[in-house]
$ cat final-v3.cif   # mmCIF, C-alpha atoms and all ligand atoms
data_input
#
loop_
_atom_site.label_atom_id
_atom_site.label_comp_id
_atom_site.auth_asym_id
_atom_site.auth_seq_id
_atom_site.Cartn_x
_atom_site.Cartn_y
_atom_site.Cartn_z
CA MET B 1 -5.79 23.40 50.21
CA GLU B 2 -7.42 26.83 50.50
CA ARG B 3 -4.34 28.20 52.20
CA CYS B 4 -2.14 26.81 49.52
CA GLN B 5 -4.27 28.33 46.78
CA SER B 6 -4.43 31.62 48.56
CA GLY B 7 -0.59 31.57 49.00
CA ARG B 8 -0.11 30.93 45.30
CA MET B 9 -2.54 33.69 44.41
CA ARG B 10 -0.70 36.09 46.69
CA ARG B 11 2.62 35.27 45.07
CA PHE B 12 1.17 35.82 41.61
CA ARG B 13 -0.46 39.04 42.67
CA LYS B 14 2.80 40.22 44.15
CA ALA B 15 4.73 39.38 41.00
CA LEU B 16 2.14 41.05 38.82
CA TRP B 17 1.95 44.05 41.09
CA GLY B 18 5.69 44.39 40.69
CA LYS B 19 5.36 44.34 36.93
CA LEU B 20 2.66 46.99 36.97
CA HIS B 21 4.42 49.14 39.61
CA PRO B 22 8.13 49.02 38.85
CA GLY B 23 10.25 50.07 41.80
CA PHE B 24 7.83 48.69 44.42
CA GLU B 25 8.55 45.00 43.82
CA SER B 26 10.32 44.39 47.11
CA LEU B 27 7.59 45.80 49.32
CA PRO B 28 5.59 43.24 51.35
CA LEU B 29 2.28 42.52 49.71
CA ARG B 30 0.34 43.78 52.74
CA GLN B 31 1.97 47.17 52.27
CA LEU B 32 1.50 47.08 48.54
CA GLU B 33 -2.22 46.56 49.15
CA LYS B 34 -2.23 49.92 50.92
CA PHE B 35 -1.03 51.57 47.73
CA ARG B 36 -3.94 50.13 45.81
CA THR B 37 -5.69 53.04 44.26
CA HIS B 38 -6.58 51.35 41.05
CA THR B 39 -10.12 50.82 39.85
CA ASP B 40 -12.02 47.63 38.96
CA ILE B 41 -10.61 47.96 35.46
CA HIS B 42 -7.12 47.77 36.92
CA SER B 43 -8.11 44.60 38.83
CA LEU B 44 -9.45 43.06 35.64
CA GLN B 45 -6.18 43.91 33.94
CA LEU B 46 -4.31 42.17 36.77
CA TYR B 47 -6.36 38.99 36.57
CA GLY B 48 -6.18 39.00 32.77
CA VAL B 49 -2.39 38.95 32.91
CA LEU B 50 -2.57 36.28 35.64
CA LEU B 51 -4.79 34.09 33.45
CA LEU B 52 -2.54 34.58 30.42
CA ASN B 53 0.51 33.49 32.43
CA MET B 54 -1.28 30.38 33.64
CA LEU B 55 -2.30 29.51 30.06
CA LYS B 56 1.27 29.98 28.85
CA ARG B 57 2.55 27.58 31.50
CA LEU B 58 -0.15 25.02 30.71
CA LEU B 59 0.66 25.24 26.99
CA LEU B 60 4.35 24.70 27.69
CA VAL B 61 3.70 21.61 29.84
CA PHE B 62 1.23 20.23 27.25
CA SER B 63 3.72 20.76 24.40
CA LEU B 64 6.47 18.99 26.34
CA ILE B 65 4.20 16.00 27.01
CA LEU B 66 3.25 15.84 23.29
CA LEU B 67 6.91 16.04 22.27
CA VAL B 68 7.79 13.11 24.53
CA ILE B 69 4.85 11.04 23.16
CA PHE B 70 5.86 11.77 19.54
CA ALA B 71 9.51 10.91 20.22
CA LEU B 72 8.54 7.58 21.84
CA ALA B 73 6.13 6.73 18.99
CA PHE B 74 8.79 7.58 16.38
CA TRP B 75 11.36 5.39 18.11
CA TYR B 76 8.84 2.53 18.45
CA PHE B 77 7.89 2.49 14.75
CA LYS B 78 11.44 3.13 13.54
CA THR B 79 12.77 0.10 15.38
CA ALA B 80 9.76 -2.20 14.80
CA GLY B 81 11.36 -3.83 11.74
CA ASP B 82 14.56 -4.76 13.56
CA ARG B 83 12.66 -6.01 16.59
CA ARG B 84 10.63 -8.21 14.22
CA ALA B 85 13.85 -9.49 12.58
CA ASP B 86 15.48 -10.19 15.97
CA LYS B 87 12.43 -12.17 17.04
CA LEU B 88 12.53 -14.12 13.79
CA GLU B 89 16.24 -14.97 14.30
CA GLU B 90 15.28 -16.88 17.43
CA ILE B 91 13.18 -19.32 15.38
CA PRO B 92 15.24 -22.00 13.57
CA VAL B 93 14.91 -21.75 9.76
CA LYS B 94 13.49 -25.29 9.48
CA ASP B 95 10.66 -24.38 11.85
CA ARG B 96 9.77 -21.25 9.96
CA GLY B 97 9.18 -23.14 6.74
CA VAL B 98 10.24 -20.05 4.85
CA ASP B 99 13.45 -19.50 2.94
CA ILE B 100 14.81 -16.04 2.31
CA VAL B 101 15.71 -15.91 -1.38
CA ALA B 102 16.89 -12.30 -1.66
CA THR B 103 17.38 -9.32 0.64
CA ASN B 104 17.95 -5.57 0.41
CA LEU B 105 15.58 -4.90 -2.46
CA THR B 106 13.64 -1.68 -2.92
CA ILE B 107 9.87 -2.14 -3.16
CA PRO B 108 9.85 -5.29 -5.31
CA TRP B 109 6.52 -5.56 -7.12
CA GLU B 110 6.49 -8.64 -9.34
CA ILE B 111 8.47 -11.84 -9.88
CA ALA B 112 8.75 -13.88 -13.08
CA PHE B 113 10.92 -16.90 -13.84
CA LEU B 114 13.04 -17.24 -16.94
CA PRO B 115 13.24 -20.66 -18.66
CA ASN B 116 16.70 -21.20 -17.12
CA GLY B 117 15.29 -20.70 -13.62
CA ASP B 118 16.68 -17.18 -13.08
CA MET B 119 14.29 -14.80 -11.41
CA LEU B 120 13.27 -11.44 -12.82
CA VAL B 121 12.01 -8.88 -10.32
CA THR B 122 10.54 -5.43 -10.89
CA GLU B 123 11.32 -2.78 -8.32
CA ARG B 124 8.79 0.05 -8.19
CA PRO B 125 11.33 2.90 -8.47
CA GLY B 126 12.17 1.63 -11.99
CA SER B 127 14.65 -1.26 -11.90
CA LEU B 128 14.39 -4.67 -13.48
CA LEU B 129 16.57 -7.14 -11.57
CA LYS B 130 17.80 -10.50 -12.68
CA ILE B 131 18.63 -12.76 -9.76
CA GLY B 132 20.40 -16.00 -10.52
CA LYS B 133 24.03 -17.01 -10.19
CA ASP B 134 24.78 -13.32 -10.51
CA ARG B 135 22.64 -10.28 -10.11
CA SER B 136 22.09 -7.66 -12.80
CA VAL B 137 20.13 -4.42 -12.74
CA THR B 138 18.49 -2.75 -15.73
CA LYS B 139 17.24 0.78 -15.06
CA ILE B 140 14.17 1.94 -16.94
CA SER B 141 14.61 5.68 -17.15
CA GLU B 142 11.08 6.52 -18.35
CA VAL B 143 9.49 5.27 -15.12
CA VAL B 144 7.98 7.89 -12.84
CA HIS B 145 7.94 6.62 -9.26
CA ILE B 146 5.17 8.55 -7.58
CA GLY B 147 2.92 7.32 -4.76
CA GLU B 148 1.68 3.86 -5.73
CA GLY B 149 2.84 4.30 -9.33
CA GLY B 150 6.16 3.28 -10.89
CA LEU B 151 7.42 0.07 -12.43
CA LEU B 152 4.71 -2.41 -11.46
CA GLY B 153 3.57 -5.59 -13.21
CA MET B 154 5.56 -7.92 -15.46
CA ALA B 155 4.68 -10.90 -17.63
CA LEU B 156 6.64 -13.11 -19.97
CA HIS B 157 5.03 -14.17 -23.23
CA PRO B 158 3.84 -17.81 -23.18
CA ASP B 159 6.26 -18.31 -26.10
CA PHE B 160 9.07 -16.37 -24.45
CA GLU B 161 11.65 -18.98 -25.43
CA LYS B 162 10.91 -18.21 -29.09
CA ASN B 163 10.22 -14.45 -29.09
CA SER B 164 11.87 -13.10 -25.84
CA TYR B 165 8.83 -10.85 -25.27
CA ILE B 166 8.59 -9.31 -21.82
CA TYR B 167 5.69 -7.04 -20.83
CA LEU B 168 6.05 -4.28 -18.24
CA TYR B 169 3.33 -2.09 -16.72
CA MET B 170 4.74 1.29 -15.77
CA THR B 171 3.81 4.83 -14.79
CA VAL B 172 5.26 7.46 -17.11
CA GLN B 173 4.80 11.16 -17.83
CA PRO B 174 5.76 11.70 -21.49
CA ASP B 175 4.14 15.11 -22.00
CA GLY B 176 3.44 16.30 -18.48
CA THR B 177 0.42 14.05 -17.92
CA LEU B 178 0.83 11.06 -15.64
CA ILE B 179 -0.28 7.87 -17.41
CA ASN B 180 0.20 4.13 -17.17
CA GLN B 181 1.41 2.03 -20.08
CA VAL B 182 1.93 -1.58 -20.95
CA ASN B 183 5.22 -1.88 -22.84
CA ARG B 184 6.45 -4.89 -24.71
CA TYR B 185 10.19 -5.38 -25.12
CA GLU B 186 12.48 -8.12 -26.24
CA LEU B 187 14.80 -9.21 -23.46
CA ARG B 188 18.25 -9.73 -24.98
CA GLY B 189 20.68 -10.70 -22.24
CA ASP B 190 20.18 -7.96 -19.67
CA LYS B 191 18.99 -5.45 -22.28
CA LEU B 192 15.45 -4.43 -23.09
CA VAL B 193 15.22 -3.71 -26.81
CA ASN B 194 12.57 -2.93 -29.44
CA ARG B 195 10.16 -1.18 -27.08
CA ASP B 196 6.56 -1.27 -28.26
CA ILE B 197 3.87 0.56 -26.26
CA ILE B 198 1.01 -1.90 -26.63
CA LEU B 199 -1.40 -0.05 -24.31
CA ASN B 200 -0.99 3.68 -23.89
CA ASN B 201 -2.74 6.42 -21.88
CA LEU B 202 -4.16 4.18 -19.17
CA PRO B 203 -5.42 6.44 -16.35
CA ALA B 204 -2.83 7.05 -13.64
CA SER B 205 -2.68 8.92 -10.38
CA LYS B 206 -0.61 9.09 -7.23
CA ASN B 207 -2.82 6.28 -5.90
CA HIS B 208 -4.91 3.44 -7.35
CA ASP B 209 -2.70 2.46 -10.30
CA GLY B 210 -3.62 -1.23 -10.47
CA GLY B 211 -0.70 -2.75 -12.37
CA ARG B 212 -0.93 -6.55 -12.43
CA ILE B 213 -0.51 -8.17 -15.84
CA LYS B 214 -0.79 -11.90 -16.60
CA PHE B 215 -1.36 -14.16 -19.55
CA GLY B 216 -4.47 -16.29 -19.16
CA PRO B 217 -4.89 -19.92 -20.22
CA ASP B 218 -6.52 -18.50 -23.39
CA GLY B 219 -3.22 -16.83 -24.39
CA LYS B 220 -4.64 -13.31 -23.89
CA LEU B 221 -2.99 -10.68 -21.70
CA TYR B 222 -5.08 -9.48 -18.75
CA ILE B 223 -4.35 -6.15 -17.08
CA THR B 224 -5.71 -4.65 -13.85
CA VAL B 225 -6.16 -0.87 -13.96
CA GLY B 226 -7.02 1.16 -10.84
CA ASP B 227 -9.66 3.88 -10.84
CA ALA B 228 -6.83 6.49 -10.66
CA GLU B 229 -8.87 8.23 -7.94
CA GLU B 230 -11.72 8.93 -10.36
CA ARG B 231 -14.07 6.62 -8.53
CA GLU B 232 -17.32 7.44 -10.36
CA ARG B 233 -15.70 6.73 -13.74
CA ALA B 234 -15.04 3.09 -12.80
CA GLN B 235 -18.64 2.65 -14.02
CA GLU B 236 -17.94 4.17 -17.48
CA ILE B 237 -17.15 1.56 -20.10
CA ASN B 238 -15.21 4.09 -22.21
CA PHE B 239 -12.90 5.07 -19.34
CA LEU B 240 -10.09 2.55 -18.87
CA GLY B 241 -9.62 3.20 -15.13
CA GLY B 242 -11.23 0.81 -12.63
CA LYS B 243 -11.20 -2.07 -15.12
CA ILE B 244 -9.75 -5.44 -15.91
CA LEU B 245 -8.62 -5.37 -19.55
CA ARG B 246 -8.04 -8.24 -22.00
CA VAL B 247 -5.90 -7.83 -25.11
CA ASN B 248 -3.99 -9.90 -27.65
CA ASP B 249 -0.24 -10.20 -27.19
CA SER B 250 0.21 -7.21 -29.53
CA GLY B 251 -2.24 -5.01 -27.59
CA SER B 252 -5.04 -5.31 -30.15
CA VAL B 253 -8.59 -6.05 -29.00
CA PRO B 254 -9.69 -9.70 -29.27
CA SER B 255 -12.82 -10.19 -31.37
CA ASP B 256 -14.52 -12.12 -28.55
CA ASN B 257 -14.19 -9.37 -25.91
CA PRO B 258 -17.50 -8.52 -24.17
CA PHE B 259 -17.66 -4.91 -25.46
CA PRO B 260 -17.01 -4.45 -29.20
CA ASN B 261 -13.63 -2.87 -30.02
CA SER B 262 -12.93 -2.32 -26.32
CA PRO B 263 -10.16 -3.91 -24.24
CA VAL B 264 -12.53 -3.80 -21.22
CA TYR B 265 -13.21 -7.26 -19.81
CA SER B 266 -14.88 -6.30 -16.51
CA TYR B 267 -15.64 -2.96 -14.84
CA GLY B 268 -16.68 -1.28 -11.59
CA HIS B 269 -13.31 -2.01 -9.93
CA ARG B 270 -11.50 0.25 -7.47
CA ASN B 271 -7.88 -0.92 -7.42
CA PRO B 272 -7.50 -4.56 -8.43
CA GLN B 273 -3.94 -5.91 -8.09
CA GLY B 274 -4.28 -9.68 -8.20
CA LEU B 275 -5.06 -12.09 -11.05
CA ALA B 276 -5.08 -15.89 -11.01
CA TRP B 277 -6.85 -18.72 -12.81
CA ASP B 278 -7.94 -21.80 -10.92
CA ASN B 279 -7.82 -25.41 -12.19
CA GLN B 280 -11.24 -24.95 -13.80
CA GLY B 281 -9.91 -22.00 -15.83
CA ARG B 282 -11.92 -19.45 -13.84
CA LEU B 283 -10.38 -16.01 -13.32
CA TRP B 284 -10.12 -14.63 -9.79
CA SER B 285 -9.01 -11.15 -8.78
CA THR B 286 -8.17 -9.41 -5.53
CA GLU B 287 -9.07 -5.75 -5.13
CA HIS B 288 -8.34 -3.03 -2.60
CA GLY B 289 -11.48 -1.70 -0.93
CA ARG B 290 -12.11 1.79 0.41
CA SER B 291 -9.26 3.53 2.22
CA GLY B 292 -8.59 6.45 4.54
CA ILE B 293 -10.51 6.64 7.79
CA THR B 294 -13.13 4.23 6.42
CA SER B 295 -10.88 1.33 5.50
CA GLY B 296 -11.80 -2.33 4.98
CA PHE B 297 -14.07 -4.14 2.50
CA ASP B 298 -11.21 -5.59 0.46
CA GLU B 299 -12.42 -8.11 -2.10
CA LEU B 300 -11.82 -11.44 -3.77
CA ASN B 301 -13.92 -11.59 -6.94
CA LEU B 302 -14.71 -14.29 -9.48
CA ILE B 303 -14.30 -12.35 -12.73
CA GLU B 304 -16.62 -12.96 -15.65
CA ALA B 305 -16.64 -11.22 -19.02
CA GLY B 306 -18.63 -7.99 -19.21
CA LYS B 307 -19.71 -7.93 -15.56
CA ASN B 308 -19.89 -4.94 -13.24
CA TYR B 309 -18.17 -5.36 -9.86
CA GLY B 310 -19.98 -2.47 -8.25
CA TRP B 311 -17.42 0.20 -7.31
CA PRO B 312 -18.20 2.83 -6.10
CA ILE B 313 -21.92 2.01 -5.80
CA ILE B 314 -21.82 -1.15 -3.71
CA GLU B 315 -19.19 -2.57 -1.33
CA GLY B 316 -18.90 -5.42 1.18
CA SER B 317 -21.97 -7.66 1.09
CA GLN B 318 -24.21 -5.02 -0.50
CA THR B 319 -26.08 -6.14 -3.60
CA GLN B 320 -27.64 -4.39 -6.55
CA GLU B 321 -29.29 -5.61 -9.74
CA GLY B 322 -26.70 -5.90 -12.50
CA MET B 323 -23.71 -5.83 -10.14
CA GLU B 324 -21.53 -8.60 -8.72
CA SER B 325 -20.82 -8.81 -5.00
CA PRO B 326 -17.44 -10.27 -3.97
CA THR B 327 -17.05 -13.99 -3.29
CA LEU B 328 -15.11 -13.04 -0.18
CA HIS B 329 -14.52 -9.68 1.46
CA SER B 330 -13.00 -8.29 4.63
CA THR B 331 -15.24 -6.51 7.09
CA ALA B 332 -15.52 -2.76 7.54
CA ASN B 333 -12.88 -2.90 10.28
CA ILE B 334 -10.34 -5.25 8.69
CA THR B 335 -7.98 -4.24 5.89
CA TRP B 336 -6.08 -6.88 3.92
CA ALA B 337 -4.81 -4.51 1.20
CA PRO B 338 -4.40 -7.52 -1.13
CA SER B 339 -1.59 -6.97 -3.62
CA GLY B 340 -1.40 -10.15 -5.66
CA LEU B 341 -2.94 -13.57 -6.17
CA ALA B 342 -1.74 -17.09 -6.98
CA PHE B 343 -3.48 -20.42 -7.38
CA VAL B 344 -1.82 -23.71 -6.44
CA ASP B 345 -3.09 -27.13 -5.30
CA GLY B 346 -6.74 -26.05 -5.04
CA ASN B 347 -6.01 -22.93 -3.01
CA LEU B 348 -5.74 -19.24 -3.71
CA TYR B 349 -3.06 -17.23 -1.89
CA PHE B 350 -2.90 -13.48 -1.63
CA PRO B 351 -0.51 -11.27 0.34
CA GLY B 352 -1.67 -8.29 2.36
CA LEU B 353 0.17 -4.99 2.62
CA ARG B 354 -1.61 -3.42 5.54
CA GLY B 355 -2.84 -6.87 6.64
CA GLU B 356 0.85 -8.01 6.85
CA THR B 357 -0.33 -11.58 6.22
CA LEU B 358 -0.31 -14.24 3.52
CA TYR B 359 -3.97 -15.22 3.16
CA LYS B 360 -4.99 -18.69 2.01
CA THR B 361 -8.43 -19.47 0.73
CA GLU B 362 -9.91 -22.68 -0.61
CA VAL B 363 -11.91 -22.09 -3.75
CA ALA B 364 -14.74 -24.39 -2.68
CA PRO B 365 -15.99 -24.07 -0.05
CA ILE B 366 -14.62 -20.57 0.28
CA SER B 367 -12.61 -20.10 3.49
CA LEU B 368 -9.88 -17.90 4.88
CA GLU B 369 -6.72 -18.76 6.78
CA GLU B 370 -3.97 -16.40 7.87
CA LYS B 371 -0.27 -17.28 7.47
CA PHE B 372 2.80 -15.42 8.81
CA SER B 373 0.53 -12.77 10.26
CA ARG B 374 2.60 -9.70 11.32
CA VAL B 375 5.84 -11.74 11.04
CA TYR B 376 7.47 -10.17 7.97
CA GLY B 377 5.59 -6.88 7.79
CA ARG B 378 3.92 -5.67 4.61
CA LEU B 379 3.61 -8.32 1.89
CA ARG B 380 3.22 -7.73 -1.84
CA GLY B 381 2.94 -10.00 -4.86
CA VAL B 382 2.93 -13.79 -4.97
CA THR B 383 4.09 -16.09 -7.77
CA VAL B 384 4.21 -19.86 -8.12
CA GLY B 385 7.78 -20.81 -9.04
CA PRO B 386 8.83 -23.61 -11.41
CA ASP B 387 9.56 -25.64 -8.24
CA GLY B 388 5.91 -25.32 -7.14
CA PHE B 389 6.90 -23.07 -4.24
CA LEU B 390 5.18 -19.77 -3.49
CA TYR B 391 7.43 -16.74 -3.84
CA PHE B 392 6.29 -13.54 -2.19
CA MET B 393 7.88 -10.23 -1.24
CA THR B 394 8.00 -7.79 1.64
CA SER B 395 7.21 -4.16 0.95
CA ASN B 396 8.54 -2.49 4.07
CA GLN B 397 10.57 0.07 2.10
CA ASP B 398 7.51 1.66 0.49
CA GLY B 399 7.20 4.44 3.05
CA ARG B 400 4.33 2.80 4.88
CA GLY B 401 6.28 0.09 6.71
CA SER B 402 8.99 -0.47 9.32
CA PRO B 403 11.93 -1.97 7.41
CA SER B 404 14.44 -4.31 9.05
CA GLN B 405 18.04 -4.32 7.87
CA SER B 406 17.20 -7.11 5.39
CA ASP B 407 14.14 -5.45 3.79
CA ASP B 408 12.84 -5.70 1.26
CA MET B 409 13.04 -9.47 0.87
CA ILE B 410 11.85 -12.25 -1.41
CA LEU B 411 10.62 -15.26 0.55
CA LYS B 412 9.63 -18.71 -0.56
CA VAL B 413 7.57 -21.41 1.03
CA ASP B 414 6.29 -24.84 0.08
CA PRO B 415 2.49 -24.52 -0.14
CA LYS B 416 2.19 -28.12 1.07
CA GLU B 417 3.55 -26.85 4.41
CA LEU B 418 0.86 -24.19 4.70
CA CA D 1 -16.70 -4.67 -5.74
#
$ encode --input "final-v3.cif" --output "structure tokens"
Amino acid sequence: MERCQSGRMRRFRKALWGKLHPGFESLPLRQLEKFRTHTDIHSLQLYGVLLLNMLKRLLLVFSLILLVIFALAFWYFKTAGDRRADKLEEIPVKDRGVDIVATNLTIPWEIAFLPNGDMLVTERPGSLLKIGKDRSVTKISEVVHIGEGGLLGMALHPDFEKNSYIYLYMTVQPDGTLINQVNRYELRGDKLVNRDIILNNLPASKNHDGGRIKFGPDGKLYITVGDAEERERAQEINFLGGKILRVNDSGSVPSDNPFPNSPVYSYGHRNPQGLAWDNQGRLWSTEHGRSGITSGFDELNLIEAGKNYGWPIIEGSQTQEGMESPTLHSTANITWAPSGLAFVDGNLYFPGLRGETLYKTEVAPISLEEKFSRVYGRLRGVTVGPDGFLYFMTSNQDGRGSPSQSDDMILKVDPKEL
């Protein structure tokens, strides 16, 4: 070992000597040593260059190893979607219990059913699709697709058959400022006409744009608005970010709202994206908890008028006077990223983006079951169809997933099979 080290040192010294004494490179080291007239400073110089060379070599080897690791990781994640699809192909359709309704969509966000059974689908980049016997696409040019914003929620008026009103929640930038709006149109054939902005200037940001809109059993329109990354302001009643709103079908404020002349129904939310009423008429909402390095603490809340749901003051099972803790929440280490909510046959269902799972929870007693965990990738939005089936979507094209060749997809399953 010592001999080996000493041999290596001698070779380095010889090479370095050569560099410092051009013309004497070929002389045997023993002879070169005789020529040594340099001082200690010269020796230091020699060893400095030696050290630098060693560092250069180490850096090169380290960089090569890193490059190989990155290339392998890239390949692994890039092909994850197709590996998942291949694996799925091996399972007979009847055993999966899931039907694929549509494929090759781009970040579908919400599904609604027309009276004739055709399906309307919003795609986040700004398209409204009609999927029935044929497929049609209506582009909404005002939509700004940025981060989590874009064309998001959709609701049909309870009297759609009479008035053709369709409501769309979208991110726009009319005068340079990014905002969210709720627009009401009339749907005439494939055309959206008579646009009416019923809620304007809702806070928007690259992230935390909320976006779910649904009519409640009381005929009012409920809207989830994210905190638009202004977390502290979720506690301000006069700021419309971090809220669940309740308005009449024209956008006006109902006289029985909890805060006079305010569309705010509940506050202290971070990024709620699920709304559903159970068979007792109670409103439930799913909400994304903290993100980044400290992820987790996603929530299922029972929403009551005028109440404060705690963000950003409390999270998880923390409690504080005057604030509501969630009925159910994930732990500090588990992220559901719940992106919708539906109620059917006594159970709530919500899909998870990062959780890549369809979660099922009984309302009483509260419980949690995981369905299709990691099978289809990221899941977003869930709607109960006129056939009683659950329709939900993949969101593997949103830049945070590993899409297969069929993504994004709309899937349906009979909840009685779950
Ligand atoms: Ca909360």
$ residues_around --input "final-v3.cif" --residues "range 280-284 of chain B" --least-positions-apart "2" --cutoff "8 Å" --atoms "only C-alpha atoms" --output "number ranges by chain"
B: 217, 274-278, 286, 300-304
$ closest_atom_pairs --input "final-v3.cif" --of "range 250-339 of chain B" --to "range 343-363 of chain B" --cutoff "6 Å" --atoms "all atoms listed in the file" --output "JSON lines"
{"residue": "B:Asp278", "atom": "CA", "partner": "B:Phe343", "partner_atom": "CA", "distance": 5.9}
{"residue": "B:Thr335", "atom": "CA", "partner": "B:Gly355", "partner_atom": "CA", "distance": 5.8}
{"residue": "B:Trp336", "atom": "CA", "partner": "B:Gly355", "partner_atom": "CA", "distance": 4.2}
{"residue": "B:Ala337", "atom": "CA", "partner": "B:Gly352", "partner_atom": "CA", "distance": 5.0}
{"residue": "B:Pro338", "atom": "CA", "partner": "B:Gly352", "partner_atom": "CA", "distance": 4.5}
{"residue": "B:Ser339", "atom": "CA", "partner": "B:Pro351", "partner_atom": "CA", "distance": 5.9}
$ atom_distance --input "final-v3.cif" --atom1 "CA of Glu236 in chain B" --atom2 "CA of Ile213 in chain B"
21.4 Å
$ closest_residue --input "final-v3.cif" --among "B:Ala332, B:Ala305, B:His269, B:Leu341" --to "ligand CA 1 (chain D)" --atoms "all atoms listed in the file"
B:His269
$ residues_near_ligand --input "final-v3.cif" --ligand "ligand CA 1 (chain D)" --cutoff "8 Å" --atoms "all atoms listed in the file" --output "list in words"
Gly268, His269, Arg270, Glu287, Gly289, Glu299, Asn301, Tyr309, Gly310, Trp311, Pro312, Ile314, Glu315, Gly316, Glu324, Ser325 and Pro326 of chain B
$ closest_atom_pairs --input "final-v3.cif" --of "range 323-401 of chain B" --to "range 144-158 of chain B" --cutoff "12 Å" --atoms "all atoms listed in the file" --output "Markdown table"
| residue | atom | partner | partner_atom | distance |
| --- | --- | --- | --- | --- |
| B:Ser339 | CA | B:Gly153 | CA | 11.0 |
| B:Gly340 | CA | B:Gly153 | CA | 10.1 |
| B:Arg380 | CA | B:Leu152 | CA | 11.1 |
| B:Gly381 | CA | B:Gly153 | CA | 9.5 |
| B:Val382 | CA | B:Gly153 | CA | 11.6 |
| B:Thr383 | CA | B:Ala155 | CA | 11.2 |
| B:Ser395 | CA | B:Glu148 | CA | 11.8 |
| B:Asp398 | CA | B:Glu148 | CA | 8.8 |
| B:Gly399 | CA | B:Gly147 | CA | 9.4 |
| B:Arg400 | CA | B:Gly147 | CA | 10.7 |
$ decode --input "final-v3.cif" --residues "range 179-209 of chain B" --atoms "C-alpha atoms" --output "short mmCIF file (atom, residue, chain, number, x, y, z; two decimals), in the first residue's frame"
data_model
loop_
_atom_site.label_atom_id
_atom_site.label_comp_id
_atom_site.auth_asym_id
_atom_site.auth_seq_id
_atom_site.Cartn_x
_atom_site.Cartn_y
_atom_site.Cartn_z
CA ILE B 179 -57.60 37.30 -11.59
CA ASN B 180 -60.19 34.56 -11.40
CA GLN B 181 -63.75 35.02 -12.61
CA VAL B 182 -67.01 33.15 -12.62
CA ASN B 183 -68.62 33.62 -16.03
CA ARG B 184 -72.15 32.71 -16.97
CA TYR B 185 -72.92 31.90 -20.60
CA GLU B 186 -75.76 30.42 -22.52
CA LEU B 187 -74.75 27.21 -24.24
CA ARG B 188 -76.29 27.23 -27.72
CA GLY B 189 -75.21 24.11 -29.58
CA ASP B 190 -71.44 24.17 -29.21
CA LYS B 191 -71.34 27.96 -28.81
CA LEU B 192 -71.02 29.96 -25.63
CA VAL B 193 -73.02 33.17 -26.01
CA ASN B 194 -74.15 36.13 -23.89
CA ARG B 195 -71.18 36.10 -21.53
CA ASP B 196 -71.92 37.64 -18.15
CA ILE B 197 -69.12 37.98 -15.57
CA ILE B 198 -71.07 37.22 -12.41
CA LEU B 199 -68.06 37.28 -10.07
CA ASN B 200 -65.05 39.36 -11.04
CA ASN B 201 -61.62 40.08 -9.53
CA LEU B 202 -61.36 36.95 -7.41
CA PRO B 203 -57.75 36.68 -6.19
CA ALA B 204 -55.55 34.58 -8.47
CA SER B 205 -51.96 33.44 -8.51
CA LYS B 206 -49.76 30.85 -10.15
CA ASN B 207 -50.84 28.49 -7.34
CA HIS B 208 -53.83 28.10 -5.01
CA ASP B 209 -56.63 29.11 -7.39
#
